[in-house]
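Asks: The structure that follows is given in the form of structure tokens.
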Amino acid sequence: MKILLMGNPNVGKSVIFSRLTGVHAIASNYPGTTVGYTRGFMKLGEDRAEVIDVPGTYTLEPTCEAEEVALRMLDSGDVVVNVVNATNLERNLYLTLQLLERKVPVIVALNMWDDTRHRGINIDLNRLREILGVPVIPTVATTGEGIKELVENLPKAIWQDTPARSRDGRWAAVGSIIEQVQRVTHRHHTWLERLADASVRPFSGSIIALTVLASAFLVVRFIGESLIGCVFDPLFTNLWTPVLGRLSEFLGGGGFLHDILIGKLIAGEVDFVQSFGLLSSGLYVPFAMVLPYIISFYLVLGLLEDTGYLPRLAVLMDTIMHRVGLHGYAIIPTLLGFGCNVPAVLATRILESRRERFIAATLISIAVPCAALQAMIFGLVGERGWEYVAIVYGTLFAVWIGLGVILRQAVRGFTPELLIEIPPYRLPPWRAALQKLWMRTYGFLVEAVPIILGAILVINVLHFLGIFEAIADFTAPVVTGLFGLPKEAVTALAIGFLRKDVAVGMLAPLALTAGQLVVGSVVLAMFFPCIATFVVLLRELGVVNMLKSAGIMIVAALIVGGLLNLIL
Amino acid sequence: MQVKTLKDLKPGEGGRIAQIDGGHGMVGHLAALGIRPGRRITKINSGFMCGPVTIEVDRAQIAIGFGMAKRILVEVEETAQ
């Protein structure tokens with residue numbers, strides 16, 4: 001049996017999905033968190049049922065890629081659990097009626113039931129059941145209330161013979177249902193609602209936005225640095241260094257195996273950043289340089305997502321985003337990109353037009369450095385002085401704006417206007433927030449770490465075989481002539497295709513000046529997406545647009561790298 | 001009865017949507033979010049420099065792009081609260 005969870009965006013489908021299947025789906029407090037579908041299984045009596053978390057949709061007439069996914073899924077389902085936001089019954093029931101017309105058994109989960117009480121909303125459940133003719137179960141997904149009843153009632157989901165109506169006819173029917181089942185009493189504004197109003201007003205909103213973004217950045221830095229300085233670096237220095245020292249002696253201080261496992265000794269010692277062996281830099285880079293920033297970034301991003309601040313930021317940013325051919329909501333994929341470009345490119349599905357998706361995906365992969373890359377930039381460039389880090393970020397920001405303005409003129413099509421629902425502020429559910437942090441950290445550990453180790457292995461083997469020297473001579477005109485980098489830096493650019501964090505790490509042993517390091521970091525960030533992003537871009541944009549996007553990246557990287565080299 | 005566009009409505013003012021001057025697509029998008037003729041709405045605030053207008057409809061807040069806000073006509077309620 002195949003159970004589909006369907007409903008308007010941001011009604012808690014993913015939370016119910018996690019409750020039903022035990023599979024954790026990323027949930028946030030903004031419309032459009034789920035853009036693909038997540039699949040899980042649950043026990044239903046003796047049977048095993050498949051449960052699918054479908055992207056949210058307001059109607060069955062899709063307006064963006066995420067909603068098209070929802071519509072395509074509908075035909076494959078045996079039962080639809082229609083998740084409804086009880087505090088917004090009227091708008092949600094429109095989809096319910098559309099689903100009932102589809103000749104598929106439906107059961108309604110009236111979610112956020114707890115919110116109705118303090119919002120002064122009274123819903124006559126029995127009357128609603130009578131009118132719809134299908135089971136209606138009040139639920140509070142975040143606490144688990146009502147989930148058991150929902151599961152028990154799944155077999156009772158029935159197909160109700162409902163006549164197909166026109167759009168106006170459906171709205172009229174919704175209006176009549178609301179009149180019969182819902183009573184609303186007046187109540188006073190809460191402090192969260194006052195804050196909510198203040199954060200979309202132009203003046204107070206801008207101050208709040210600057211405060212939120214600046215403190216988010218500082219908190220990410222503080223937690224990341226503290227984790228490195230107080231936990232991960234001491235662990236490596238105190239526990240791992242002696243082990244590697246012994247191993248190095250045992251392997252005779254050199255040779256093929258030594259070079260691969262431990263790498264080059266720097267002044268007779270193992271150097272975690274410069275040695276570049278599998279067991280030295282191969283472990284230190286992912287665990288002591290990148291992981292701390294992954295944890296701190298996703299902790300802060302998760303809180304921003306769960307409070308409901310991001311859609312408000314989208315409203316404030318709308319005017320600016322239109323200058324680069326996007327609308328305000330594109331800020332959400334962009335912010336996700338600072339964690340990892342892969343989910344960011346996927347998240348561009350919440351944008352309506354192909355043009356917007358192309359611009360957003362291109363700008364993200366060219367000018368938004370992922371957390372791993374940023375961690376390495378902080379580590380290596382930060383060592384030379386924070387003014388250089390500022391140059392890297394300033395350049396990337398200028399590229400984002402400049403390229404956006406060009407793409408807005410050059411790419412055909414139109415950018416629709418912003419039209420989004422702004423969810424109420426909510427206090428983040430701590431357990432769920434930590435769960436989400438763990439999922440994303442785990443994702444890094446199982447997906448990125450093997451590639452990092454693989455990249456370092458490849459580097460060492462190619463070095464040993466002398467292949468890099470041949471490439472270095474071949475590409476010297478561009479690397480040395482245009483970027484002003486030593487010709488060996490081409491190995492870093494090549495490895496950038498696998499992992500950009502490792503690639504920045506490869507610049508460390510080259511004894512670069514601070515200016516060269518800035519040029520290297522910027523070119524690496526812009527030049528080409530890493531392989532994971534490349535695959536997603538290919539899938540989301542198609543071959544032709546992917547090639548266009550990649551072409552733009554290469555040309556832009558050559559120009560910007562060359563200019564920076566001239567200036568610095 | 002005074003009719004204004006959503007753009008010209010003052011923050012805090014409310015009224016009923018009289019008419020939406022838009023194509024089938026725009027009317028459909030807005031309707032899906034509960035914004036259609038006859039609905040009572042309250043304007044929360046307008047964005048600056050042609051930014052989006054935020055309104056409240058059925059206890060939900062919706063941000064609407066400036067261009068769309070110009071094409072939504074609202075019958076202003078006499079007793080502005």
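FYI, nothing fancy with the structure tokens labels: chains A, B, ... in order, residues from 1 per chain, ligands from 1 as they appear.
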Please tabulate, as CSV, the residues of region 369-485 of chain A that come within 10 Å of region 42-57 of chain B, each with its closest pair of atoms and the distance in Å to one decimal, counting only C-alpha atoms and ordering rows by chain, then residue number upward.
Replies:
```
residue,atom,partner,partner_atom,distance
A:Glu417,CA,B:Pro52,CA,8.7
A:Leu418,CA,B:Pro52,CA,7.1
A:Leu419,CA,B:Pro52,CA,8.4
A:Ile420,CA,B:Thr54,CA,9.5
A:Glu421,CA,B:Thr54,CA,9.4
A:Ile422,CA,B:Thr54,CA,8.8
```
Asks: Please return, as a PyMOL selection string, all residues of chain B lying within 6 Å of chain A when only C-alpha atoms are considered.
Replies: chain B and resi 32+34+47+51+61-65
Asks: How about saving the chosen residues, C-alpha atoms kept, as a PDB file, in the first residue's frame?
Replies:
```pdb
ATOM      1  CA  ALA B  32      -5.085  29.427  -3.962  1.00  0.00           C
ATOM      2  CA  GLY B  34      -7.199  32.646  -0.166  1.00  0.00           C
ATOM      3  CA  GLY B  47       7.409  47.558   1.333  1.00  0.00           C
ATOM      4  CA  GLY B  51       8.769  46.086  -2.321  1.00  0.00           C
ATOM      5  CA  GLN B  61      -0.054  36.613   6.371  1.00  0.00           C
ATOM      6  CA  ILE B  62       0.742  36.793   2.699  1.00  0.00           C
ATOM      7  CA  ALA B  63       3.384  38.900   0.967  1.00  0.00           C
ATOM      8  CA  ILE B  64       2.322  40.091  -2.483  1.00  0.00           C
ATOM      9  CA  GLY B  65       4.651  41.570  -5.085  1.00  0.00           C
TER      10      GLY B  65
END
```
Asks: CA of Gly496 (chain A) and CA of Ala455 (chain A) are how many Å apart?
Replies: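 Taking CA of Gly496 (chain A) and CA of Ala455 (chain A), their separation equals 9.4 Å.
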Asks: Write out as number ranges by chain the residues lying within 12 Å of Leu283 (chain A), counting only C-alpha atoms and excluding same-chain residues fewer than 2 positions away.
Replies: A: 232-233, 235-236, 240-241, 244, 261-262, 271-273, 275-281, 285-291, 445, 448-454, 456, 502
Asks: If you run DSSP on this backbone, which residues of region 356-541 of chain A come out as alpha helix (DSSP H), and could you give them as number ranges by chain?
Replies: A: 356-367, 371-382, 386-410, 430-443, 449-465, 467-476, 489-495, 500-507, 514-527, 531-541
Asks: Can you pull out every residue within 12 Å of Ala27 (chain A), counting only C-alpha atoms, but drop anything in the same chain fewer than 6 positions away, and send it as a PyMOL selection string?
Replies: chain A and resi 9-19+33-35+38+53+55-56+141-142+302-303+305-308+428-429+432-437+439
Asks: Return the single residue from A:Ser248, A:Asn545, A:Thr533, A:Gln182 that is closest to Val342 (chain A), with distances computed using only C-alpha atoms.
Replies: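 Counting only C-alpha atoms, the residue closest to Val342 (chain A) is A:Thr533.
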Asks: Expressed in Å to a single decimal, how great is the separation between CA of Glu488 (chain A) and CA of Ile459 (chain A)?
Replies: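 That distance, rounded to one decimal, is 12.1 Å.
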Asks: May I ask for the distance between CA of Leu541 (chain A) and CA of Ile26 (chain A), given in Å to one decimal place?
Replies: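 Separation of CA of Leu541 (chain A) and CA of Ile26 (chain A): 23.5 Å.
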Asks: I'd like to know which residues of region 29-225 of chain A are strand (DSSP E) (by DSSP, run on the backbone); could you write them as an MDAnalysis selection string?
Replies: chainID A and resid 38:44 47:53 79:85 106:111 121:123 136:138 182:184
Asks: Could you save those same residues with N, CA and C atoms as a CSV table (one decimal), in the first residue's frame?
Replies:
```csv
chain,number,residue,atom,x,y,z
A,38,THR,N,10.2,12.3,-0.1
A,38,THR,CA,10.9,11.4,0.8
A,38,THR,C,10.1,10.2,1.0
A,39,ARG,N,10.7,9.0,1.0
A,39,ARG,CA,10.0,7.8,1.0
A,39,ARG,C,10.3,7.1,2.3
A,40,GLY,N,9.4,6.5,3.0
A,40,GLY,CA,9.7,5.7,4.2
A,40,GLY,C,8.6,4.6,4.3
A,41,PHE,N,8.8,3.7,5.3
A,41,PHE,CA,7.9,2.7,5.5
A,41,PHE,C,7.4,2.6,6.9
A,42,MET,N,6.1,2.2,7.1
A,42,MET,CA,5.6,2.0,8.4
A,42,MET,C,4.8,0.7,8.5
A,43,LYS,N,4.6,0.2,9.7
A,43,LYS,CA,3.9,-1.0,9.9
A,43,LYS,C,2.4,-0.7,10.0
A,44,LEU,N,1.6,-1.3,9.2
A,44,LEU,CA,0.2,-1.1,9.3
A,44,LEU,C,-0.5,-2.4,9.5
A,47,ASP,N,0.8,-5.6,7.7
A,47,ASP,CA,1.5,-5.2,6.4
A,47,ASP,C,2.5,-4.1,6.6
A,48,ARG,N,3.3,-3.9,5.6
A,48,ARG,CA,4.2,-2.8,5.6
A,48,ARG,C,3.7,-1.9,4.5
A,49,ALA,N,3.5,-0.6,4.9
A,49,ALA,CA,3.0,0.4,3.9
A,49,ALA,C,4.1,1.4,3.6
A,50,GLU,N,4.1,1.8,2.4
A,50,GLU,CA,5.0,2.8,2.0
A,50,GLU,C,4.4,4.2,2.2
A,51,VAL,N,5.2,5.1,2.8
A,51,VAL,CA,4.7,6.4,3.1
A,51,VAL,C,5.5,7.4,2.3
A,52,ILE,N,4.9,8.4,1.6
A,52,ILE,CA,5.6,9.3,0.8
A,52,ILE,C,5.3,10.7,1.2
A,53,ASP,N,6.3,11.5,1.6
A,53,ASP,CA,6.2,12.9,2.0
A,53,ASP,C,6.2,13.7,0.7
A,79,VAL,N,-3.8,5.7,-0.8
A,79,VAL,CA,-4.5,6.5,0.2
A,79,VAL,C,-3.8,7.8,0.3
A,80,VAL,N,-4.6,8.9,0.4
A,80,VAL,CA,-4.0,10.2,0.6
A,80,VAL,C,-4.3,10.6,2.1
A,81,VAL,N,-3.2,11.0,2.8
A,81,VAL,CA,-3.5,11.6,4.1
A,81,VAL,C,-3.4,13.1,3.8
A,82,ASN,N,-4.5,13.8,3.9
A,82,ASN,CA,-4.5,15.2,3.5
A,82,ASN,C,-4.2,16.0,4.8
A,83,VAL,N,-3.0,16.5,4.9
A,83,VAL,CA,-2.6,17.3,6.2
A,83,VAL,C,-3.1,18.7,6.0
A,84,VAL,N,-3.9,19.1,7.0
A,84,VAL,CA,-4.6,20.4,6.9
A,84,VAL,C,-4.1,21.3,8.1
A,85,ASN,N,-3.9,22.5,7.9
A,85,ASN,CA,-3.6,23.4,8.9
A,85,ASN,C,-4.9,23.9,9.5
A,106,VAL,N,-9.4,9.3,1.0
A,106,VAL,CA,-8.7,10.4,1.7
A,106,VAL,C,-9.0,10.3,3.2
A,107,ILE,N,-8.0,10.6,4.0
A,107,ILE,CA,-8.2,10.8,5.4
A,107,ILE,C,-7.6,12.2,5.7
A,108,VAL,N,-8.3,12.9,6.6
A,108,VAL,CA,-7.8,14.3,6.9
A,108,VAL,C,-7.1,14.3,8.2
A,109,ALA,N,-5.9,14.9,8.3
A,109,ALA,CA,-5.2,15.1,9.6
A,109,ALA,C,-5.3,16.6,9.8
A,110,LEU,N,-6.1,17.0,10.8
A,110,LEU,CA,-6.3,18.4,11.1
A,110,LEU,C,-5.1,18.8,12.1
A,111,ASN,N,-4.0,19.2,11.4
A,111,ASN,CA,-2.8,19.5,12.2
A,111,ASN,C,-2.7,20.8,12.8
A,121,ILE,N,-10.0,29.8,17.8
A,121,ILE,CA,-10.8,29.2,16.7
A,121,ILE,C,-11.4,27.9,17.2
A,122,ASN,N,-12.7,27.8,16.9
A,122,ASN,CA,-13.5,26.6,17.4
A,122,ASN,C,-14.0,25.8,16.1
A,123,ILE,N,-13.6,24.6,16.0
A,123,ILE,CA,-14.0,23.8,14.9
A,123,ILE,C,-14.9,22.6,15.3
A,136,VAL,N,-11.7,12.6,9.9
A,136,VAL,CA,-11.0,13.8,10.2
A,136,VAL,C,-10.4,13.6,11.6
A,137,ILE,N,-9.0,13.6,11.7
A,137,ILE,CA,-8.3,13.4,13.0
A,137,ILE,C,-7.6,14.6,13.4
A,138,PRO,N,-7.9,15.2,14.5
A,138,PRO,CA,-7.0,16.3,15.0
A,138,PRO,C,-5.7,15.8,15.4
A,182,GLN,N,-17.0,26.3,11.6
A,182,GLN,CA,-16.0,27.1,12.3
A,182,GLN,C,-16.5,28.4,13.0
A,183,ARG,N,-16.1,28.6,14.2
A,183,ARG,CA,-16.4,29.9,14.9
A,183,ARG,C,-15.1,30.5,15.4
A,184,VAL,N,-15.0,31.8,15.2
A,184,VAL,CA,-13.7,32.4,15.6
A,184,VAL,C,-14.1,33.6,16.6
```
Asks: Pick out the closest residue to Ser199 (chain A) from this set: A:Tyr425, A:Ala25, A:Ala347, A:Val399. Count only C-alpha atoms.
Replies: A:Tyr425
Asks: Tell me which protein, DNA and RNA residues are within 6 Å of region 19-28 of chain B, counting only C-alpha atoms, leaving out same-chain ones fewer than 3 positions away, and put them as a VMD selection string.
Replies: chain B and resid 31 37 71 to 73
Asks: So, counting only C-alpha atoms, which residue among A:Ala476, A:Gly263, A:Arg194, A:Val535 is closest to Leu251 (chain A)?
Replies: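 Smallest separation from Leu251 (chain A) among the options: A:Gly263.
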Asks: Write out as a list in words each polymer residue whose atoms come within 9 Å of Ile41 (chain B), counting only C-alpha atoms; drop sequence neighbours fewer than 6 positions from it.
Replies: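 In the requested format, the answer is Glu13, Gly14, Gly15, Arg16, Ile17, Ile35, Ile55, Glu56, Val57, Asp58 and Val74 of chain B.
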Asks: Would you please work out which residue, of A:Val134, A:Met546, A:Ala503, A:Leu313, is nearest to Tyr30 (chain A) when using only C-alpha atoms?
Replies: A:Leu313
